[in-house]
Each structure stands twice: as C-alpha cells, then as structure tokens.
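Q: One file is attached below, structure11.cif, containing mmCIF, C-alpha atoms.
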```
data_final
#
loop_
_atom_site.label_atom_id
_atom_site.label_comp_id
_atom_site.auth_asym_id
_atom_site.auth_seq_id
_atom_site.Cartn_x
_atom_site.Cartn_y
_atom_site.Cartn_z
CA MET A 1 0.73 5.09 -33.87
CA SER A 2 -0.49 3.92 -30.50
CA PRO A 3 -2.48 6.51 -28.55
CA ASN A 4 -0.05 5.80 -25.74
CA PHE A 5 2.84 7.26 -27.74
CA PRO A 6 4.86 9.10 -26.60
CA ASN A 7 4.94 7.51 -23.18
CA TYR A 8 6.14 10.14 -20.72
CA ARG A 9 7.29 8.74 -17.39
CA LEU A 10 7.34 10.86 -14.28
CA PRO A 11 10.78 11.43 -12.68
CA ASN A 12 11.07 11.56 -8.92
CA LEU A 13 11.12 14.55 -6.63
CA PRO A 14 13.77 14.41 -3.86
CA THR A 15 11.15 13.39 -1.29
CA ILE A 16 8.02 11.27 -1.32
CA THR A 17 5.13 11.57 1.15
CA PRO A 18 1.43 10.68 1.01
CA PHE A 19 0.87 14.28 -0.06
CA HIS A 20 2.91 14.02 -3.24
CA GLU A 21 1.13 13.49 -6.53
CA ALA A 22 2.72 10.05 -6.88
CA SER A 23 0.74 9.07 -3.78
CA LEU A 24 -2.57 10.52 -2.60
CA GLY A 25 -1.49 14.01 -3.67
CA SER A 26 -4.10 16.64 -4.32
CA LEU A 27 -6.90 14.41 -3.07
CA THR A 28 -5.76 15.23 0.44
CA ARG A 29 -6.18 18.92 -0.30
CA TYR A 30 -9.92 18.60 -0.55
CA LEU A 31 -10.76 15.62 1.61
CA ALA A 32 -8.66 16.04 4.69
CA GLY A 33 -9.01 19.36 6.45
CA THR A 34 -7.43 22.68 5.59
CA ALA A 35 -3.89 22.42 6.95
CA PHE A 36 -1.60 20.13 8.87
CA ALA A 37 -2.16 19.85 12.60
CA SER A 38 -0.57 17.96 15.46
CA ALA A 39 -2.62 14.81 15.98
CA THR A 40 -2.42 11.45 17.70
CA ALA A 41 -1.99 8.50 15.40
CA GLY A 42 -3.85 5.28 16.07
CA SER A 43 -1.64 3.45 18.55
CA GLN A 44 -0.13 0.29 17.06
CA VAL A 45 -2.06 0.80 13.84
CA ALA A 46 0.09 0.46 10.74
CA GLN A 47 -1.22 2.63 7.91
CA PHE A 48 -0.59 2.10 4.21
CA PHE A 49 -0.75 4.74 1.46
CA PRO A 50 -0.42 3.97 -2.27
CA TRP A 51 2.68 5.04 -4.17
CA VAL A 52 3.23 4.72 -7.91
CA VAL A 53 6.86 4.73 -9.06
CA GLU A 54 7.44 5.41 -12.75
CA MET A 55 11.22 5.72 -12.80
CA PRO A 56 13.71 3.96 -10.50
CA ILE A 57 14.35 5.80 -7.24
CA THR A 58 16.86 5.18 -4.48
CA ILE A 59 15.67 6.23 -1.04
CA VAL A 60 18.28 6.77 1.67
CA LYS A 61 16.41 8.38 4.55
CA GLY A 62 13.01 8.11 6.16
CA PHE A 63 11.41 10.89 8.14
CA VAL A 64 8.37 11.82 10.19
CA MET A 65 7.11 15.26 11.18
CA ASN A 66 6.58 14.95 14.91
CA GLY A 67 3.84 16.87 16.69
CA ALA A 68 3.69 18.71 19.97
CA SER A 69 4.34 15.63 22.09
CA VAL A 70 6.34 12.45 21.55
CA ASN A 71 5.81 9.02 23.02
CA GLY A 72 6.64 5.44 22.17
CA ASN A 73 8.11 4.36 18.84
CA VAL A 74 7.60 5.26 15.22
CA ASP A 75 8.37 3.18 12.16
CA VAL A 76 8.28 3.96 8.45
CA GLY A 77 8.68 1.59 5.54
CA VAL A 78 7.93 0.66 1.96
CA TYR A 79 5.97 -2.42 0.91
CA ASP A 80 5.47 -3.91 -2.51
CA HIS A 81 1.97 -4.14 -3.93
CA GLU A 82 1.48 -7.54 -2.28
CA PHE A 83 2.40 -6.06 1.11
CA ASN A 84 5.85 -7.59 1.39
CA ARG A 85 8.14 -5.23 3.24
CA LEU A 86 11.04 -3.94 1.13
CA VAL A 87 12.64 -1.66 3.68
CA SER A 88 11.76 -0.13 7.03
CA MET A 89 13.44 1.80 9.78
CA GLY A 90 12.33 -0.57 12.51
CA ALA A 91 10.72 0.67 15.71
CA THR A 92 12.54 3.83 16.77
CA ALA A 93 11.90 6.02 19.79
CA GLN A 94 10.00 9.11 18.74
CA ALA A 95 12.19 12.12 19.49
CA GLY A 96 12.00 15.86 18.94
CA THR A 97 8.77 17.82 19.06
CA THR A 98 7.36 19.87 16.21
CA ALA A 99 10.24 18.95 13.94
CA ILE A 100 11.30 16.49 11.31
CA GLN A 101 12.77 13.32 12.81
CA SER A 102 15.17 11.83 10.31
CA LEU A 103 15.40 8.04 10.24
CA ASP A 104 18.27 6.07 8.73
CA ILE A 105 17.22 3.27 6.45
CA THR A 106 19.15 0.91 4.24
CA ASP A 107 19.65 2.60 0.88
CA THR A 108 17.02 0.93 -1.28
CA THR A 109 16.36 1.24 -4.99
CA ILE A 110 12.71 0.97 -5.91
CA ASP A 111 11.89 -0.06 -9.49
CA PRO A 112 8.87 1.25 -11.37
CA GLY A 113 5.67 -0.25 -10.05
CA ARG A 114 2.99 0.06 -7.39
CA TYR A 115 3.96 0.19 -3.74
CA TRP A 116 2.72 1.20 -0.30
CA LEU A 117 4.20 3.82 1.99
CA ALA A 118 3.78 2.55 5.55
CA PHE A 119 3.67 4.36 8.88
CA LEU A 120 3.30 3.14 12.43
CA CYS A 121 3.20 4.86 15.81
CA SER A 122 3.25 2.49 18.75
CA GLY A 123 2.47 4.95 21.51
CA THR A 124 0.41 8.03 22.13
CA GLY A 125 2.78 10.51 20.56
CA THR A 126 1.60 13.05 18.02
CA VAL A 127 2.58 13.73 14.45
CA HIS A 128 1.69 16.48 12.04
CA ALA A 129 -1.09 15.20 9.85
CA LYS A 130 -4.20 16.02 7.97
CA LEU A 131 -7.40 14.85 9.58
CA SER A 132 -10.53 13.51 8.07
CA THR A 133 -13.38 11.12 8.70
CA ASP A 134 -13.87 7.66 7.30
CA GLU A 135 -17.08 8.48 5.40
CA ILE A 136 -15.28 11.25 3.50
CA ILE A 137 -12.04 9.48 2.69
CA LEU A 138 -12.98 5.89 2.11
CA PRO A 139 -15.23 6.41 -0.93
CA VAL A 140 -12.39 8.18 -2.71
CA PHE A 141 -9.25 6.26 -1.98
CA PRO A 142 -8.29 3.13 -0.10
CA LEU A 143 -7.12 3.77 3.43
CA LEU A 144 -5.65 0.54 4.69
CA GLU A 145 -4.40 -0.46 8.10
CA MET A 146 -3.11 -3.36 10.16
CA THR A 147 -3.84 -3.19 13.86
CA GLY A 148 -1.88 -4.59 16.83
CA GLN A 149 1.62 -3.84 15.50
CA THR A 150 4.60 -2.58 17.49
CA ALA A 151 6.81 -2.47 14.37
CA LEU A 152 6.10 -2.76 10.67
CA PRO A 153 5.85 -6.50 9.93
CA ALA A 154 7.73 -8.38 7.21
CA THR A 155 4.44 -9.22 5.58
CA ALA A 156 1.37 -7.14 6.19
CA THR A 157 -2.25 -8.16 6.15
CA ALA A 158 -3.89 -4.89 5.35
CA ALA A 159 -7.57 -4.30 5.97
CA LYS A 160 -9.97 -1.44 5.46
CA ASN A 161 -9.59 1.44 7.90
CA THR A 162 -11.58 1.03 11.11
CA GLN A 163 -10.81 4.41 12.65
CA ALA A 164 -13.65 6.92 12.67
CA SER A 165 -11.28 9.85 12.35
CA PRO A 166 -8.19 8.58 10.57
CA ILE A 167 -5.18 10.78 10.09
CA ILE A 168 -2.88 11.08 7.10
CA PRO A 169 0.52 11.57 8.73
CA LEU A 170 3.31 13.68 7.27
CA PHE A 171 6.05 11.12 6.84
CA GLY A 172 8.06 9.88 3.94
CA PHE A 173 11.40 9.16 2.37
CA SER A 174 14.23 11.16 0.84
CA THR A 175 16.64 10.43 -1.98
CA GLU A 176 19.17 12.69 -0.29
CA VAL A 177 20.94 12.47 3.06
CA THR A 178 20.16 16.13 3.77
CA ILE A 179 16.49 16.62 4.53
CA MET B 180 -8.15 4.61 -25.33
CA PRO B 181 -6.22 4.14 -22.12
CA GLY B 182 -3.41 6.58 -22.76
CA PHE B 183 -5.48 9.55 -23.86
CA PRO B 184 -5.88 12.29 -22.75
CA LEU B 185 -2.56 12.81 -21.10
CA PRO B 186 -2.82 13.29 -17.34
CA ASP B 187 -2.24 16.80 -16.10
CA ASP B 188 1.39 16.21 -15.23
CA ARG B 189 2.27 15.11 -18.81
CA ARG B 190 0.62 17.98 -20.65
CA PRO B 191 2.66 20.54 -22.51
CA ARG B 192 3.03 23.56 -20.29
CA GLU B 193 4.30 27.10 -20.36
CA VAL B 194 4.81 27.72 -16.64
CA ILE B 195 6.25 25.70 -13.77
CA SER B 196 6.03 27.14 -10.27
CA PRO B 197 6.23 25.72 -6.76
CA TRP B 198 2.43 25.38 -6.99
CA SER B 199 2.65 23.04 -9.99
CA GLU B 200 2.02 19.35 -9.56
CA LEU B 201 5.44 18.87 -11.14
CA SER B 202 6.93 20.71 -8.18
CA ILE B 203 5.87 20.78 -4.54
CA GLY B 204 2.30 21.83 -5.36
CA GLY B 205 0.63 18.81 -3.79
CA MET B 206 2.44 19.25 -0.52
CA LEU B 207 2.13 23.03 -0.58
CA GLY B 208 -1.60 22.79 -1.09
CA ALA B 209 -1.81 20.49 1.90
CA ALA B 210 0.30 22.76 4.09
CA ILE B 211 -1.24 26.17 3.49
CA SER B 212 -4.58 27.73 2.65
CA THR B 213 -3.43 31.31 2.15
CA ILE B 214 -2.25 33.36 -0.80
CA GLY B 215 1.16 34.94 -1.12
CA VAL B 216 1.84 38.30 0.50
CA GLY B 217 4.82 40.61 0.67
CA THR B 218 7.27 38.87 3.01
CA VAL B 219 10.80 39.72 4.07
CA TYR B 220 13.40 37.48 2.39
CA PRO B 221 14.90 35.12 5.01
CA ALA B 222 18.52 36.33 4.86
CA ALA B 223 20.76 38.41 2.64
CA ASN B 224 22.70 36.40 0.04
CA ARG B 225 20.85 33.17 0.84
CA ALA B 226 19.77 30.97 -2.06
CA LEU B 227 16.61 28.88 -1.93
CA PHE B 228 16.11 25.77 -4.05
CA ILE B 229 12.68 24.34 -4.86
CA PRO B 230 12.50 20.93 -6.54
CA PHE B 231 10.59 20.19 -9.73
CA ILE B 232 10.51 17.40 -12.26
CA LEU B 233 10.06 17.23 -16.02
CA PRO B 234 8.51 14.18 -17.69
CA ARG B 235 9.28 15.68 -21.12
CA ALA B 236 11.90 18.01 -22.54
CA TRP B 237 11.34 21.68 -21.78
CA LEU B 238 12.95 24.84 -23.10
CA VAL B 239 13.21 27.32 -20.24
CA THR B 240 13.37 30.94 -21.37
CA GLN B 241 12.44 33.23 -18.48
CA ALA B 242 12.01 33.31 -14.72
CA VAL B 243 9.73 35.51 -12.67
CA VAL B 244 9.21 36.33 -9.01
CA GLY B 245 6.65 38.48 -7.25
CA GLY B 246 8.07 41.57 -5.62
CA GLY B 247 6.97 43.32 -2.45
CA SER B 248 7.43 46.89 -1.36
CA THR B 249 11.22 47.25 -1.26
CA THR B 250 14.00 47.51 -3.81
CA GLY B 251 17.02 45.27 -4.23
CA ASN B 252 18.52 42.65 -6.50
CA CYS B 253 17.81 39.01 -7.09
CA ASP B 254 19.13 36.14 -9.19
CA LEU B 255 16.87 33.44 -10.62
CA GLY B 256 17.97 30.16 -12.15
CA VAL B 257 17.80 26.41 -12.60
CA TYR B 258 20.02 23.69 -11.09
CA ASP B 259 20.19 20.00 -11.79
CA HIS B 260 19.54 17.42 -9.10
CA ALA B 261 23.23 17.32 -8.16
CA GLY B 262 23.47 21.07 -7.61
CA ASN B 263 25.06 22.15 -10.87
CA ARG B 264 23.80 25.48 -12.18
CA LEU B 265 22.34 25.08 -15.65
CA VAL B 266 21.21 28.64 -16.25
CA SER B 267 20.69 31.80 -14.22
CA SER B 268 19.76 35.41 -14.87
CA GLY B 269 22.59 36.98 -12.94
CA SER B 270 21.80 39.92 -10.72
CA VAL B 271 18.65 41.75 -11.81
CA ALA B 272 16.90 44.68 -10.19
CA LYS B 273 13.89 43.59 -8.20
CA GLN B 274 10.66 45.41 -9.06
CA THR B 275 8.67 47.17 -6.34
CA ASN B 276 5.14 45.86 -5.85
CA ALA B 277 5.32 44.14 -9.23
CA GLU B 278 6.69 40.97 -10.72
CA THR B 279 10.34 40.81 -11.71
CA VAL B 280 10.80 39.09 -15.06
CA ALA B 281 14.31 37.86 -15.80
CA ASN B 282 15.39 36.65 -19.21
CA LEU B 283 17.34 33.40 -19.19
CA THR B 284 19.50 32.04 -21.95
CA ASP B 285 17.17 29.59 -23.68
CA THR B 286 18.17 26.27 -22.12
CA LEU B 287 16.92 22.80 -23.00
CA LEU B 288 16.08 20.74 -19.92
CA LEU B 289 15.78 17.03 -20.57
CA PRO B 290 13.33 14.88 -18.58
CA GLY B 291 14.59 14.60 -15.02
CA SER B 292 14.72 16.20 -11.60
CA TYR B 293 15.73 19.84 -11.07
CA TYR B 294 15.63 22.79 -8.68
CA MET B 295 14.39 26.29 -9.43
CA ALA B 296 16.50 28.77 -7.50
CA ILE B 297 16.35 32.30 -6.18
CA ALA B 298 18.94 34.34 -4.32
CA ALA B 299 18.57 37.91 -3.03
CA ASP B 300 21.22 40.40 -2.01
CA GLY B 301 19.24 41.67 0.99
CA VAL B 302 16.19 41.19 3.14
CA GLN B 303 13.80 42.82 0.72
CA GLN B 304 10.15 41.92 0.46
CA TYR B 305 9.08 39.26 -2.00
CA VAL B 306 5.64 37.77 -2.48
CA ALA B 307 5.73 34.47 -0.61
CA VAL B 308 3.84 32.06 1.58
CA ALA B 309 5.04 30.79 4.94
CA PRO B 310 3.78 27.37 6.01
CA ALA B 311 3.36 27.08 9.77
CA GLN B 312 6.28 24.70 10.30
CA ILE B 313 9.70 24.63 8.66
CA GLY B 314 9.46 20.83 8.74
CA TYR B 315 6.81 21.00 6.02
CA LEU B 316 9.32 22.56 3.62
CA GLN B 317 11.97 20.03 4.59
CA ALA B 318 9.50 17.25 3.79
CA MET B 319 8.91 18.87 0.40
CA GLY B 320 12.62 18.62 -0.42
CA MET B 321 13.41 22.35 -0.41
CA LYS B 322 17.03 23.29 0.24
CA GLN B 323 19.05 26.44 0.91
CA MET B 324 22.61 27.72 0.67
CA ALA B 325 24.23 30.63 2.53
CA THR B 326 26.49 33.20 0.85
CA ALA B 327 25.07 32.37 -2.55
CA PHE B 328 24.42 35.69 -4.27
CA VAL B 329 24.85 35.64 -7.19
CA LEU B 330 23.80 32.02 -7.71
CA PRO B 331 27.00 29.94 -7.69
CA ALA B 332 28.07 27.49 -10.40
CA THR B 333 27.78 24.64 -7.91
CA ALA B 334 25.35 24.61 -5.01
CA THR B 335 25.99 22.95 -1.68
CA PHE B 336 22.56 22.05 -0.42
CA ALA B 337 21.73 22.55 3.25
CA THR B 338 18.58 21.98 5.27
CA VAL B 339 16.13 24.81 4.69
CA ALA B 340 15.84 26.88 7.86
CA THR B 341 13.13 29.49 7.28
CA SER B 342 9.53 28.99 6.26
CA PHE B 343 9.42 30.99 3.04
CA VAL B 344 8.22 29.86 -0.37
CA PRO B 345 8.53 32.62 -2.97
CA VAL B 346 5.81 33.11 -5.54
CA MET B 347 8.07 32.48 -8.50
CA ALA B 348 7.92 30.56 -11.75
CA LEU B 349 9.87 29.40 -14.73
CA TRP B 350 8.48 30.14 -18.18
CA GLY B 351 9.21 27.97 -21.16
CA THR B 352 7.90 25.62 -23.81
CA SER B 353 7.36 21.87 -23.77
CA LEU B 354 9.03 20.09 -26.66
#
```
Render the structure in this file as structure tokens.
A:
Amino acid sequence: MSPNFPNYRLPNLPTITPFHEASLGSLTRYLAGTAFASATAGSQVAQFFPWVVEMPITIVKGFVMNGASVNGNVDVGVYDHEFNRLVSMGATAQAGTTAIQSLDITDTTIDPGRYWLAFLCSGTGTVHAKLSTDEIILPVFPLLEMTGQTALPATATAAKNTQASPIIPLFGFSTEVTI
Amino acid sequence: MPGFPLPDDRRPREVISPWSELSIGGMLGAAISTIGVGTVYPAANRALFIPFILPRAWLVTQAVVGGGSTTGNCDLGVYDHAGNRLVSSGSVAKQTNAETVANLTDTLLLPGSYYMAIAADGVQQYVAVAPAQIGYLQAMGMKQMATAFVLPATATFATVATSFVPVMALWGTSL
C-alpha cells in the first residue's frame, strides 16, 4: 500500500484570500503584524500570492476590503502557475471606505493545481492588510510583484518583491454571490 | 516518503471549531489577537453560519458553545453548502458562565463544504470574539439569517452584519 493512501483532498471554503490555508494561511499570522490595518498598497504594483487548489472550485465574485480612503482603481484576478491570467475584474474604481467592495467577475471554474491570486491598486487608496518587511517575509515565502501596471495584464512577468514594507492585502474570491 | 505524515488538515480529529484550519482559523488568526469574552449575541432569533470543510468523512455527535453571564436558549447544528440543515440540537438551555454541550443525532458528514450554525432566542451573552471590521467576517465566508430560531430546515444566507464569532465547536470522530 502506497504511503500516500488514502489520498485526502481538501474541499474549498466559500471564500479564498491570501490568509486562507490554501494560500499563505497561518504564515501570515506570525510574519505580518498582529492584526489587519488600513494601509496604502504599492501604486501600480501587481502582487501575486500562491494558491493551491485540490478540488475544482467555481468563483463568481471578487472582493477587496477597502481602507479608510479610496483612490484610483483596484483589480483582482487569478493566474495559472505560469502567470497566464485566467480571470480578472479589470481596473475598477475603488469605492466605499472601510468595507468590502464586491467585484463581478466571469464565473470561472478552477481545476486542481497551483495558481496565483493577484491584486493591483493603481492609485493611492488604502486597503485593509497585514504589514511586514521584506527581510521577514521573503525568506519564508515568495512575494512576487510586477511594477508599472494599471490593470492586471494578460500575461505577467513576476519578479521578487522590491518594496521595503510590502503589504498582504485582504482581497479574494467567493464561490457565492452573497459575500 | 512524500505522503507521510499527513499534513495537519488531513489528520483525524475530534473537534472542529472556527479556529480550526479546516474552518476560518487562518483568517481569524490574522484578524484578531484576543481571546473570547462574554459578548452579547447580535440579535434575538438570528442564526450565524460559519464555514468549514472536511477532507475525510466525519461523524458529528455533539456541539458546544461557550456561555456568558445570562440565561436563555440556543440551537446548534450543521448545514450543507447549499443551506440544507443536516442535523441540529433543537432548543437547549444555555448554561451561565459555562459551556453548553448539546447532543446531536450522530450524523455522517462526507468530505465536502459545510457550515456550523448557532441561533439564540435572545441577546444573551456568549463567549465570542469581535474582529474590528465586519468586512473581515464577510471575507471569511460567514453568513447570517434573521428569524431563524430554532434553526430552520433550509437556510437563506444573507451577508453577515455584526462582528461576532462565537467560541463554539463540533465534536465528532474522523472515519
């Protein structure tokens, strides 16, 4: 009998964010501050967070938890492991402070595999996020970015984080229309 | 031996709570750094639904919730992803400053996505945590339903409106 038997696969919770165990999960608990706070994202810096899907999931909504001020556009999306965009909201005016901003996306079924959750803020608006510093985060998990973007591109060229104090924004996707 | 030992989220387990990695534990740990305290229930007859997942079959047998300093009644149960009630305790008397343990009809839950549920008949105190923003709970996938005491056969999920995560758990056995 293979040591891999039985092979339990993880079902999906109704939402996915970088803070779920299928993404960075509990690592963020210890490496990125003590609680969420309103923070400014790197303007025009697309950020990519790993996501492992073990059972098919259909996402129907994107969302971002806006901070105390809004400005410019936000975009959320999912990329495959080779950084090809599978779905994204497209640049959308950031609206509503200190609240979830729900974003309509094309209903998209994601098969088991390795993916990237992507986030972009084009202006100087704030989002709720956990904060850290590059020397703490980077040794533990890859924090990837693509600078100079006003919307999530069809194909991303992700590079190592260059921000001294990167944020991990609270954004994600839902399998349900009601968030 | 690449598949051994099983990662934490595949291990047999006896308890699943909102703090479990199979529930909203990762998000909850990121959102708060405090322990539960006696907190007034958000609204009489409101049901709260907290998502969890099972990678292996699980026999749920009991549910428990931490009680604060007032008396009242609560109902604890399990719903499937679509909002169908699978099992619930029915109305049970809430303990004062102690945990309320409710027996459930032993119910086999197959691998999948579920909600643990609580409803209270008044604004009594329960042990709970309250993340700073309601948006955090919405991002976790929590839901609510008004006029839902006792827990109804079918739930109509609505956006959760009050920051309140009860210290509750389901007890059972992995199969």
Q: Please indicate the distance in Å from atom CA of Arg235 of chain B to atom CA of Leu201 of chain B, rounded to one decimal place.
A: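 Value for the atom CA of Arg235 of chain B-atom CA of Leu201 of chain B distance: 11.2 Å.
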Q: Between B:Ala309, B:Val329, B:Ile297, B:Ala348, which is the closest to Ser202 of chain B once you count all atoms listed in the file?
A: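 Of the candidates, the smallest distance to Ser202 of chain B is held by B:Ala348.
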Q: Out of A:Phe63, A:Tyr115, A:Trp51, A:Tyr8, which residue has the shortest atom-to-atom distance to Asp75 of chain A when counting all atoms listed in the file?
A: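 With all atoms listed in the file as the atom set, the closest residue is A:Phe63.
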Q: Using all atoms listed in the file, find all polymer residues with an atom at most 7 Å away from the point (2.7, 4.6, 7.0); report them as a list in words.
A: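 The residues that fall inside the cut-off are Ala46, Gln47, Phe48, Phe49, Val76, Gly77, Leu117, Ala118, Phe119 and Leu120 of chain A.
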Q: Where does the PyMOL selection byres ((chain B) within 7 of (chain A)) land in this file, that is, which residues does it pick, as a list in words?
A: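 Output from the PyMOL selection byres ((chain B) within 7 of (chain A)), applied to this file: Met180, Gly182, Phe183, Arg189, Glu200, Gly205, Met206, Gly208, Ala209, Ala210, Ile211, Ser212, Pro230, Phe231, Ile232, Leu233, Pro234, Arg235, Gly291, Ser292, Gly314, Gln317, Ala318, Met319, Gly320, Ala337 and Thr338 of chain B.
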Q: Neighbouring residues of Leu152 of chain A were defined as those with any atom within 12 Å, considering only C-alpha atoms; residues of the same chain fewer than 3 positions away were excluded. Please report them as a PyMOL selection string.
A: chain A and resi 44-48+73-79+83-92+117-122+145-149+155-158
Q: Could you work out an axis-aligned box for segment 197-200 of chain B, taking every atom the file lists and adding 8 Å on each side, and report centre and edge lengths in Å to one decimal, as lines of an AutoDock Vina configuration file?
A:
```
center_x = 4.1
center_y = 22.5
center_z = -8.4
size_x = 20.2
size_y = 22.4
size_z = 19.2
```
Q: Specify as a ChimeraX atom specification each residue included when the PyMOL selection byres ((chain B and resi 257) around 12) is applied to this file.
A: /B:195,226-232,238-242,254-256,258-269,283-288,292-298,330-334,348-350
Q: Considering only C-alpha atoms, state which residue in the set B:Thr218, B:Thr352, B:Asn282, B:Gln323 is at the smallest distance from Gln304 of chain B.
A: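 Selected residue with least distance to Gln304 of chain B: B:Thr218.
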Q: Fewer than 4 positions away in the same chain doesn't count, so skip those; otherwise give me all residues within 8 Å of Val70 of chain A, counting all atoms listed in the file, as a PyMOL selection string.
A: chain A and resi 66+94-97+124-126
Q: For the structure shown, which residues end up in the PyMOL selection byres ((chain B and resi 249) around 6)? Put them as a PDB file with C-alpha atoms, keeping the file's coordinate frame, please?
A:
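Saved as part-v4.pdb:
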```pdb
ATOM      1  CA  GLY B 247       6.970  43.320  -2.450  1.00  0.00           C
ATOM      2  CA  SER B 248       7.430  46.890  -1.360  1.00  0.00           C
ATOM      3  CA  THR B 250      14.000  47.510  -3.810  1.00  0.00           C
ATOM      4  CA  THR B 275       8.670  47.170  -6.340  1.00  0.00           C
ATOM      5  CA  GLN B 303      13.800  42.820   0.720  1.00  0.00           C
ATOM      6  CA  GLN B 304      10.150  41.920   0.460  1.00  0.00           C
TER       7      GLN B 304
END
```
Q: So how many Å separate atom CA of Thr326 of chain B and atom CA of Ser199 of chain B, to one decimal?
A: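 It comes out at 28.1 Å.
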Q: Between B:Phe328, B:Val344, B:Thr335, B:Ala281, which is the closest to Arg225 of chain B once you count all atoms listed in the file?
A: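 Nearest candidate to Arg225 of chain B out of B:Phe328, B:Val344, B:Thr335, B:Ala281: B:Phe328.
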Q: Can you tell me which residues surround Gly251 of chain B at a distance of at most 7 Å, considering all atoms listed in the file, apart from same-chain residues fewer than 5 positions away, and format the answer as number ranges by chain?
A: B: 272-273, 300-301, 303
Q: As an exercise, work out the distance from atom CA of Asp80 of chain A to atom CA of Pro290 of chain B in Å and give it to one decimal place.
A: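 Straight-line distance from atom CA of Asp80 of chain A to atom CA of Pro290 of chain B works out to 25.9 Å.
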Q: Let me make sure I understand: among A:Lys61, A:Glu82, A:Val127, A:Ser69, which one has the smallest atom-to-atom distance to Arg114 of chain A if we use all atoms listed in the file?
A: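 Under the stated criterion, the closest residue is A:Glu82.
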Q: From the block you just saw, export segment 218-241 of chain B: N, CA and C atoms, as a PDB file, in the first residue's frame.
A:
```pdb
ATOM      1  N   THR B 218     -19.934  38.108  25.376  1.00  0.00           N
ATOM      2  CA  THR B 218     -20.355  39.146  24.442  1.00  0.00           C
ATOM      3  C   THR B 218     -21.833  38.964  24.123  1.00  0.00           C
ATOM      4  N   VAL B 219     -22.557  40.061  24.039  1.00  0.00           N
ATOM      5  CA  VAL B 219     -23.988  39.990  23.777  1.00  0.00           C
ATOM      6  C   VAL B 219     -24.232  39.458  22.360  1.00  0.00           C
ATOM      7  N   TYR B 220     -25.118  38.487  22.242  1.00  0.00           N
ATOM      8  CA  TYR B 220     -25.465  37.916  20.936  1.00  0.00           C
ATOM      9  C   TYR B 220     -26.040  39.024  20.043  1.00  0.00           C
ATOM     10  N   PRO B 221     -25.719  39.032  18.754  1.00  0.00           N
ATOM     11  CA  PRO B 221     -26.056  40.187  17.905  1.00  0.00           C
ATOM     12  C   PRO B 221     -27.535  40.545  17.841  1.00  0.00           C
ATOM     13  N   ALA B 222     -28.422  39.564  17.774  1.00  0.00           N
ATOM     14  CA  ALA B 222     -29.856  39.861  17.675  1.00  0.00           C
ATOM     15  C   ALA B 222     -30.648  38.611  18.009  1.00  0.00           C
ATOM     16  N   ALA B 223     -31.784  38.808  18.660  1.00  0.00           N
ATOM     17  CA  ALA B 223     -32.626  37.666  19.002  1.00  0.00           C
ATOM     18  C   ALA B 223     -33.086  36.943  17.737  1.00  0.00           C
ATOM     19  N   ASN B 224     -33.048  35.633  17.798  1.00  0.00           N
ATOM     20  CA  ASN B 224     -33.551  34.751  16.727  1.00  0.00           C
ATOM     21  C   ASN B 224     -32.694  34.781  15.454  1.00  0.00           C
ATOM     22  N   ARG B 225     -31.536  35.398  15.518  1.00  0.00           N
ATOM     23  CA  ARG B 225     -30.642  35.394  14.357  1.00  0.00           C
ATOM     24  C   ARG B 225     -29.802  34.118  14.383  1.00  0.00           C
ATOM     25  N   ALA B 226     -29.609  33.545  13.205  1.00  0.00           N
ATOM     26  CA  ALA B 226     -28.697  32.409  13.064  1.00  0.00           C
ATOM     27  C   ALA B 226     -27.403  32.887  12.435  1.00  0.00           C
ATOM     28  N   LEU B 227     -26.307  32.320  12.880  1.00  0.00           N
ATOM     29  CA  LEU B 227     -24.988  32.600  12.310  1.00  0.00           C
ATOM     30  C   LEU B 227     -24.431  31.306  11.725  1.00  0.00           C
ATOM     31  N   PHE B 228     -23.778  31.421  10.584  1.00  0.00           N
ATOM     32  CA  PHE B 228     -23.254  30.254   9.878  1.00  0.00           C
ATOM     33  C   PHE B 228     -21.757  30.458   9.622  1.00  0.00           C
ATOM     34  N   ILE B 229     -20.961  29.498  10.060  1.00  0.00           N
ATOM     35  CA  ILE B 229     -19.509  29.585   9.942  1.00  0.00           C
ATOM     36  C   ILE B 229     -19.029  28.428   9.078  1.00  0.00           C
ATOM     37  N   PRO B 230     -18.343  28.708   7.973  1.00  0.00           N
ATOM     38  CA  PRO B 230     -17.981  27.627   7.056  1.00  0.00           C
ATOM     39  C   PRO B 230     -16.869  26.728   7.596  1.00  0.00           C
ATOM     40  N   PHE B 231     -16.925  25.465   7.216  1.00  0.00           N
ATOM     41  CA  PHE B 231     -15.812  24.546   7.456  1.00  0.00           C
ATOM     42  C   PHE B 231     -15.826  23.483   6.375  1.00  0.00           C
ATOM     43  N   ILE B 232     -14.703  22.819   6.240  1.00  0.00           N
ATOM     44  CA  ILE B 232     -14.574  21.786   5.206  1.00  0.00           C
ATOM     45  C   ILE B 232     -14.083  20.490   5.839  1.00  0.00           C
ATOM     46  N   LEU B 233     -14.387  19.395   5.180  1.00  0.00           N
ATOM     47  CA  LEU B 233     -13.948  18.080   5.645  1.00  0.00           C
ATOM     48  C   LEU B 233     -13.257  17.353   4.502  1.00  0.00           C
ATOM     49  N   PRO B 234     -11.973  17.044   4.648  1.00  0.00           N
ATOM     50  CA  PRO B 234     -11.284  16.268   3.613  1.00  0.00           C
ATOM     51  C   PRO B 234     -11.535  14.772   3.746  1.00  0.00           C
ATOM     52  N   ARG B 235     -12.110  14.338   4.886  1.00  0.00           N
ATOM     53  CA  ARG B 235     -12.429  12.931   5.090  1.00  0.00           C
ATOM     54  C   ARG B 235     -13.752  12.849   5.849  1.00  0.00           C
ATOM     55  N   ALA B 236     -14.374  11.695   5.771  1.00  0.00           N
ATOM     56  CA  ALA B 236     -15.685  11.529   6.413  1.00  0.00           C
ATOM     57  C   ALA B 236     -15.567  11.739   7.917  1.00  0.00           C
ATOM     58  N   TRP B 237     -16.619  12.284   8.488  1.00  0.00           N
ATOM     59  CA  TRP B 237     -16.591  12.661   9.913  1.00  0.00           C
ATOM     60  C   TRP B 237     -17.964  12.396  10.501  1.00  0.00           C
ATOM     61  N   LEU B 238     -17.978  11.779  11.670  1.00  0.00           N
ATOM     62  CA  LEU B 238     -19.233  11.509  12.369  1.00  0.00           C
ATOM     63  C   LEU B 238     -19.390  12.565  13.449  1.00  0.00           C
ATOM     64  N   VAL B 239     -20.321  13.497  13.237  1.00  0.00           N
ATOM     65  CA  VAL B 239     -20.530  14.551  14.227  1.00  0.00           C
ATOM     66  C   VAL B 239     -21.520  14.053  15.268  1.00  0.00           C
ATOM     67  N   THR B 240     -21.206  14.296  16.547  1.00  0.00           N
ATOM     68  CA  THR B 240     -22.018  13.737  17.630  1.00  0.00           C
ATOM     69  C   THR B 240     -22.515  14.788  18.624  1.00  0.00           C
ATOM     70  N   GLN B 241     -21.755  15.871  18.779  1.00  0.00           N
ATOM     71  CA  GLN B 241     -22.141  16.892  19.756  1.00  0.00           C
ATOM     72  C   GLN B 241     -21.707  18.265  19.253  1.00  0.00           C
TER      73      GLN B 241
END
```
